[in-house]
Structure formats: structure tokens, C-alpha cells
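The next block is query-v4.tsv, given as TSV, C-alpha atoms.
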chain	number	residue	atom	x	y	z
A	298	MET	CA	0.00	0.00	0.00
A	299	SER	CA	1.22	3.51	-0.79
A	300	THR	CA	2.78	5.42	2.10
A	301	TYR	CA	2.30	8.84	0.51
A	302	PRO	CA	-0.73	10.74	-0.88
A	303	PRO	CA	-2.53	9.18	-3.89
A	304	ARG	CA	-1.60	10.94	-7.15
A	305	GLY	CA	1.24	12.67	-5.29
A	306	GLY	CA	-1.15	15.37	-4.14
A	307	ALA	CA	-2.20	16.23	-7.72
A	308	LYS	CA	-5.77	17.37	-8.36
A	309	LEU	CA	-7.95	14.86	-10.16
A	310	TRP	CA	-7.95	16.77	-13.47
A	311	GLU	CA	-4.16	17.17	-13.27
A	312	TRP	CA	-3.77	13.45	-12.64
A	313	VAL	CA	-6.04	12.48	-15.54
A	314	LEU	CA	-4.23	14.85	-17.92
A	315	TYR	CA	-0.80	13.67	-16.77
A	316	ARG	CA	-1.66	10.01	-17.25
A	317	PHE	CA	-3.18	10.69	-20.68
A	318	VAL	CA	-0.17	12.68	-21.92
A	319	ARG	CA	2.25	10.16	-20.40
A	320	GLY	CA	0.49	7.30	-22.18
A	321	ALA	CA	0.47	9.16	-25.49
A	322	LEU	CA	4.16	10.09	-25.29
A	323	LEU	CA	5.29	6.61	-24.33
A	324	GLY	CA	3.06	5.10	-27.02
A	325	PHE	CA	4.79	7.32	-29.57
A	326	ALA	CA	8.22	6.40	-28.15
A	327	ARG	CA	7.56	2.66	-28.33
A	328	VAL	CA	6.66	2.93	-32.02
A	329	TRP	CA	9.02	5.66	-33.25
A	330	PHE	CA	12.06	4.59	-31.24
A	331	ARG	CA	11.28	0.88	-30.84
A	332	LEU	CA	11.74	1.73	-27.17
A	333	SER	CA	12.85	-1.04	-24.85
A	334	VAL	CA	13.18	-0.81	-21.08
A	335	GLU	CA	15.29	-2.92	-18.74
A	336	GLY	CA	15.13	-2.82	-14.94
A	337	ARG	CA	11.58	-1.51	-14.51
A	338	GLU	CA	11.34	-3.68	-11.39
A	339	HIS	CA	13.88	-1.42	-9.67
A	340	VAL	CA	11.46	1.53	-9.51
A	341	PRO	CA	10.60	2.00	-5.80
A	342	GLU	CA	6.98	1.63	-4.75
A	343	GLY	CA	5.15	3.38	-1.95
A	344	ARG	CA	7.63	6.24	-1.42
A	345	PRO	CA	9.02	9.15	-3.42
A	346	PHE	CA	12.39	8.84	-5.13
A	347	ILE	CA	14.86	10.80	-7.25
A	348	VAL	CA	15.33	9.78	-10.90
A	349	SER	CA	18.91	10.57	-11.92
A	350	PRO	CA	19.50	9.95	-15.66
A	351	ILE	CA	22.24	10.53	-18.19
A	352	HIS	CA	21.37	13.57	-20.33
A	353	ARG	CA	22.23	13.53	-24.04
A	354	SER	CA	19.08	14.79	-25.78
A	355	ASN	CA	16.03	17.02	-25.34
A	356	ILE	CA	13.85	13.91	-25.57
A	357	ASP	CA	15.32	12.42	-22.38
A	358	PHE	CA	12.54	14.03	-20.31
A	359	LEU	CA	10.05	11.94	-22.29
A	360	LEU	CA	12.03	8.73	-21.99
A	361	VAL	CA	12.37	8.82	-18.19
A	362	LEU	CA	8.57	8.66	-17.96
A	363	VAL	CA	9.07	4.89	-17.99
A	364	CYS	CA	10.35	5.37	-14.41
A	365	ASP	CA	7.30	7.13	-13.04
A	366	PRO	CA	5.59	5.65	-9.98
A	367	ARG	CA	2.19	4.08	-10.36
A	368	ASP	CA	0.41	6.44	-7.98
A	369	ALA	CA	2.15	9.81	-8.40
A	370	ARG	CA	3.64	12.16	-10.98
A	371	LEU	CA	7.25	12.66	-11.85
A	372	ARG	CA	8.20	16.32	-11.31
A	373	TYR	CA	10.69	18.40	-13.30
A	374	LEU	CA	12.32	21.76	-12.63
A	375	ALA	CA	11.72	24.35	-15.36
A	376	LYS	CA	12.34	28.09	-15.85
A	377	ASP	CA	9.57	30.14	-14.27
A	378	THR	CA	9.05	32.23	-17.41
A	379	LEU	CA	6.97	29.34	-18.76
A	380	TRP	CA	4.41	30.21	-16.09
A	381	LYS	CA	3.82	33.80	-17.31
A	382	SER	CA	0.49	32.76	-18.77
A	383	LYS	CA	-1.95	31.46	-16.16
A	384	GLY	CA	-3.36	28.87	-18.56
A	385	TRP	CA	0.02	27.54	-19.67
A	386	GLY	CA	1.22	27.61	-16.08
A	387	ARG	CA	-1.63	25.37	-14.97
A	388	LEU	CA	-0.85	23.00	-17.84
A	389	PHE	CA	2.88	22.82	-17.06
A	390	THR	CA	2.14	22.19	-13.39
A	391	ALA	CA	-0.33	19.44	-14.23
A	392	LEU	CA	2.28	17.76	-16.41
A	393	GLY	CA	4.84	17.80	-13.58
A	394	GLY	CA	6.63	21.10	-14.08
A	395	ILE	CA	8.03	23.05	-11.12
A	396	PRO	CA	8.83	26.74	-11.72
A	397	VAL	CA	12.27	27.91	-10.66
A	398	ALA	CA	13.53	31.47	-11.10
A	399	ARG	CA	16.49	31.82	-13.44
A	400	GLY	CA	19.53	33.42	-11.91
A	401	THR	CA	18.65	32.47	-8.35
A	402	ALA	CA	21.07	30.60	-6.13
A	403	ASP	CA	21.22	26.84	-6.57
A	404	ARG	CA	20.18	26.41	-2.96
A	405	GLU	CA	16.79	27.95	-3.75
A	406	ALA	CA	16.18	25.34	-6.44
A	407	LEU	CA	17.38	22.59	-4.11
A	408	ARG	CA	15.05	23.84	-1.38
A	409	THR	CA	12.19	23.62	-3.88
A	410	CYS	CA	13.20	20.02	-4.67
A	411	VAL	CA	13.15	19.10	-0.99
A	412	GLU	CA	9.71	20.67	-0.52
A	413	VAL	CA	8.32	18.78	-3.50
A	414	MET	CA	9.59	15.47	-2.17
A	415	GLU	CA	8.27	16.19	1.31
A	416	ARG	CA	4.83	16.45	-0.32
A	417	GLY	CA	5.31	12.89	-1.54
A	418	GLU	CA	6.20	13.47	-5.17
A	419	SER	CA	9.10	11.93	-7.06
A	420	LEU	CA	11.60	14.13	-8.83
A	421	VAL	CA	13.78	14.04	-11.96
A	422	MET	CA	17.24	15.57	-11.47
A	423	PHE	CA	19.84	15.40	-14.25
A	424	PRO	CA	23.14	15.23	-12.32
A	425	GLU	CA	25.14	16.67	-15.23
A	426	GLY	CA	23.02	19.80	-14.86
A	427	THR	CA	22.35	20.33	-18.55
A	428	ARG	CA	22.45	18.36	-21.78
A	429	GLN	CA	25.91	17.02	-22.65
A	430	THR	CA	27.50	15.11	-25.55
A	431	GLY	CA	29.82	12.14	-25.87
A	432	PRO	CA	30.29	8.70	-24.31
A	433	ALA	CA	31.63	9.80	-20.91
A	434	LEU	CA	29.65	11.25	-18.04
A	435	ALA	CA	30.37	14.96	-17.65
A	436	HIS	CA	31.02	16.77	-14.36
A	437	MET	CA	28.52	15.62	-11.74
A	438	PHE	CA	26.73	18.07	-9.49
A	439	ASP	CA	25.82	17.09	-5.92
A	440	GLY	CA	22.14	18.05	-6.34
A	441	PRO	CA	20.59	14.55	-6.26
A	442	ALA	CA	22.77	13.43	-3.33
A	443	PHE	CA	22.07	16.67	-1.46
A	444	VAL	CA	18.30	16.33	-1.83
A	445	GLN	CA	18.62	12.70	-0.82
A	446	SER	CA	20.50	13.70	2.34
A	447	ARG	CA	17.61	16.00	3.29
A	448	THR	CA	14.75	13.66	2.42
A	449	GLY	CA	16.08	10.11	2.80
A	450	ALA	CA	14.69	9.25	-0.64
A	451	PRO	CA	16.46	6.65	-2.80
A	452	ILE	CA	18.17	7.74	-6.01
A	453	LEU	CA	17.28	5.79	-9.15
A	454	PRO	CA	20.18	5.85	-11.67
A	455	VAL	CA	19.17	5.61	-15.32
A	456	GLY	CA	21.09	5.04	-18.54
A	457	ILE	CA	19.56	6.09	-21.88
A	458	GLY	CA	21.04	4.70	-25.08
A	459	GLY	CA	20.40	6.07	-28.57
A	460	SER	CA	18.71	9.35	-27.68
A	461	GLU	CA	21.64	11.45	-28.89
A	462	THR	CA	21.47	9.89	-32.35
A	463	ALA	CA	17.68	10.31	-32.43
A	464	MET	CA	17.85	14.01	-31.57
A	465	PRO	CA	21.37	15.40	-31.13
A	466	LYS	CA	22.09	18.89	-29.86
A	467	GLY	CA	20.95	21.48	-32.40
A	468	ALA	CA	18.61	19.10	-34.26
A	469	LYS	CA	15.11	20.31	-35.14
A	470	PHE	CA	13.63	16.92	-35.96
A	471	ILE	CA	13.45	13.60	-34.14
A	472	LYS	CA	14.84	10.65	-36.09
A	473	PRO	CA	13.36	7.14	-35.76
A	474	ARG	CA	16.33	5.52	-34.02
A	475	LYS	CA	16.41	2.57	-31.61
A	476	ILE	CA	16.43	3.71	-27.97
A	477	THR	CA	16.97	1.67	-24.82
A	478	VAL	CA	16.45	2.75	-21.22
A	479	VAL	CA	18.28	0.78	-18.51
A	480	ILE	CA	17.18	1.42	-14.92
A	481	GLY	CA	19.61	0.55	-12.17
A	482	LYS	CA	19.06	-0.48	-8.58
A	483	PRO	CA	18.21	2.45	-6.28
A	484	LEU	CA	20.96	3.96	-4.14
A	485	GLU	CA	19.94	4.38	-0.51
A	486	PRO	CA	21.12	7.47	1.42
A	487	PRO	CA	24.38	7.52	3.39
A	488	VAL	CA	24.18	6.86	7.12
A	489	PRO	CA	23.97	10.13	9.12
A	490	ASP	CA	26.58	10.92	11.76
A	491	GLU	CA	25.94	11.16	15.52
A	492	SER	CA	24.18	14.52	15.10
A	493	GLY	CA	21.74	13.05	12.59
A	494	LYS	CA	23.21	14.92	9.63
A	495	VAL	CA	24.84	13.67	6.44
A	496	ARG	CA	28.19	15.41	6.10
A	497	ARG	CA	29.40	17.11	2.94
A	498	HIS	CA	32.08	14.50	2.23
A	499	ALA	CA	29.45	11.74	2.41
A	500	ILE	CA	27.28	13.63	-0.09
A	501	ARG	CA	30.23	13.94	-2.45
A	502	GLU	CA	31.07	10.25	-2.08
A	503	GLN	CA	27.46	9.41	-2.93
A	504	THR	CA	27.72	11.59	-6.05
A	505	VAL	CA	30.84	9.70	-7.13
A	506	ALA	CA	29.11	6.35	-6.59
A	507	LEU	CA	26.07	7.59	-8.51
A	508	GLY	CA	28.27	8.70	-11.40
A	509	GLU	CA	29.95	5.31	-11.63
A	510	GLU	CA	26.57	3.59	-11.71
A	511	ILE	CA	25.11	5.92	-14.33
A	512	GLN	CA	28.17	5.44	-16.57
A	513	GLU	CA	27.78	1.67	-16.45
A	514	LEU	CA	24.06	1.93	-17.22
A	515	PHE	CA	24.74	4.38	-20.05
A	516	ASP	CA	27.31	2.04	-21.58
A	517	GLU	CA	24.89	-0.87	-21.38
A	518	ALA	CA	21.99	1.15	-22.79
A	519	GLN	CA	24.14	2.36	-25.67
A	520	ARG	CA	25.22	-1.20	-26.42
A	521	GLN	CA	21.64	-2.45	-26.45
A	522	ALA	CA	20.53	0.44	-28.66
A	523	GLY	CA	23.20	-0.41	-31.22
A	524	THR	CA	25.19	2.77	-30.59
A	525	PRO	CA	27.99	1.50	-28.31
A	526	ASN	CA	30.20	4.05	-26.62
A	527	ARG	CA	33.65	4.22	-28.21
A	528	ARG	CA	35.23	3.98	-24.79
A	529	GLU	CA	33.83	0.40	-24.63
A	530	ILE	CA	35.28	-0.48	-28.03
A	531	ARG	CA	38.74	0.70	-27.02
A	532	GLY	CA	38.55	-1.00	-23.65
Taking this structure as input, can you express it in the form of C-alpha cells?
Amino acid sequence: MSTYPPRGGAKLWEWVLYRFVRGALLGFARVWFRLSVEGREHVPEGRPFIVSPIHRSNIDFLLVLVCDPRDARLRYLAKDTLWKSKGWGRLFTALGGIPVARGTADREALRTCVEVMERGESLVMFPEGTRQTGPALAHMFDGPAFVQSRTGAPILPVGIGGSETAMPKGAKFIKPRKITVVIGKPLEPPVPDESGKVRRHAIREQTVALGEEIQELFDEAQRQAGTPNRREIRG
């Protein structure tokens, strides 16, 4: 039985719209990309979690929908200018968007993430910060591990293979390329010290461990999608 609010606290109309759009997008992905998913059984049930994927394409936000919980939305941070129109703002919120002011300190965005998870909703956080290119994981930010240290939520590492060939940076059209999503086992939070806090070095160590896991999942997803990382070929 779920241990957090049904629908993640979403209003009924928001929930219905989210599930409809999710189903339509994943239906498109299964046909257009011949989408395959491995590790779906690793998605936690009955508690919120942090999805932490590799980020190589603008379509990655769509692909991680395969990780969404059965009784709540996945939430995403987005620039608050998208909420200028009341109507569009309501739509973006219903679909999982969370407005964050551009130019504000990272800690404000992280505080928003913690608040969202405390309401029982799961969150998508790209640890590379923004879309990257190439076979190797770029610099990792501590965001997912920091939010985990404040909420106790597990982090779900995800590798996505083939998305960069389907829609590389700068592309205007989405090509029908094979895509594979590989979901890893969730990483539980570090053990707090005597004061009940998770120290900064433990957060950084968790980020390093997360990066190693994501790289392995990315390599495997790329291999299954038929676009193996060159670093594997040389190895």
C-alpha cells in the first residue's frame, strides 16, 4: 500500500491529464524509437524517489517517464518564465513542471526540490546539470545526493542509449532511431553521523558512486541500442 498521498497530491484533473499525456508520449516512443526498457522492477513503490538519468538529448525528459511511480507524478524543474500565462502555467504544473527562477542561487532550487519530495512526489534531477554530448559522463553536481541527504529518498540511476542519435544537440527533428532505457538499482542514502546529519564528504562520495553507476548503465543502454560508446570499443 502507498505510504504517501494518492496521485502525489495532484488534483484529479491534473492526474487524468498527466496520465493521458504520459500514455500518449510513451506510445509514440515505443513505435518511433522501438523503445525497450530494462530494470523496470527497480522503480521503488510506496515512497518518493529521485530519478537521476544521463542527459544527451532534449527527448530524455520523455524517456524517463518509464520510471514514473504508479500512484504519483514525476516532477521536473523548469524556468519560471513558462508560467507567465496562467493557462500555460496550470498546464505545465499538471504535467509535472516546477517553476524555478532563473539566476537564483542553486540552494533555492534545491530547497524547492526538498519541498516537492516532502509532499510525496518523485523528482527528476539530471546530475550533469544540462544536456551534454559524448560517451563519458560529464562533471557531476551534488544536487541529487544533497536532496537525498535532506529527504532520505532513494536515487534511481538511469542510462539512456540512442537518444543522442535520435535528436542530437541542435537538431530540429526527431529521427526514428532505436532507444533503450536501462534502470539501475536504487541507491539508498548515506548513514547520518551522531548529530543526525549527512556530512558534505558523504554527499560527495554518494555523487561519485552515482556517477559510476550511471556510466555503467549508459554504456549498457548504448550497447543495447546499437550505438555503443567508443570507450567500450577501445577498452
Show me, as a PyMOL selection string, the residues that have an atom within 12 Å of Glu510 of chain A when counting only C-alpha atoms, minus same-chain residues fewer than 2 positions from it. chain A and resi 349-351+434+452-456+479-484+503-508+512-517
Closest pair table for segment 421-463 of chain A residues within 9 Å of segment 324-341 of chain A, only C-alpha atoms, as CSV:
residue,atom,partner,partner_atom,distance
A:Pro451,CA,A:Pro341,CA,8.1
A:Leu453,CA,A:Val340,CA,7.2
A:Gly459,CA,A:Phe330,CA,8.9
A:Ser460,CA,A:Phe330,CA,8.9
A:Ala463,CA,A:Phe330,CA,8.1
Option closest in space to Lys475 of chain A, from A:Gly523, A:Gly417, A:Gly393, A:Gly384 [counting all atoms listed in the file]: A:Gly523
For the atom pair atom CA of Arg404 of chain A and atom CA of Arg416 of chain A, what is the interatomic distance in Å to one decimal place? 18.5 Å
Axis-aligned box for all listed atoms of segment 477-484 of chain A, 3 Å per side, centre and edges in Å to one decimal, as lines of an AutoDock Vina configuration file:
center_x = 18.7
center_y = 1.7
center_z = -14.5
size_x = 10.5
size_y = 10.4
size_z = 26.7
Report as a PyMOL selection string all protein, DNA and RNA residues lying within 12 Å of segment 373-381 of chain A, evaluated on only C-alpha atoms, omitting residues in the same chain fewer than 5 positions from it. chain A and resi 347-349+357-359+361-362+365+386-401+403+405-411+413-414+418-423+426-427
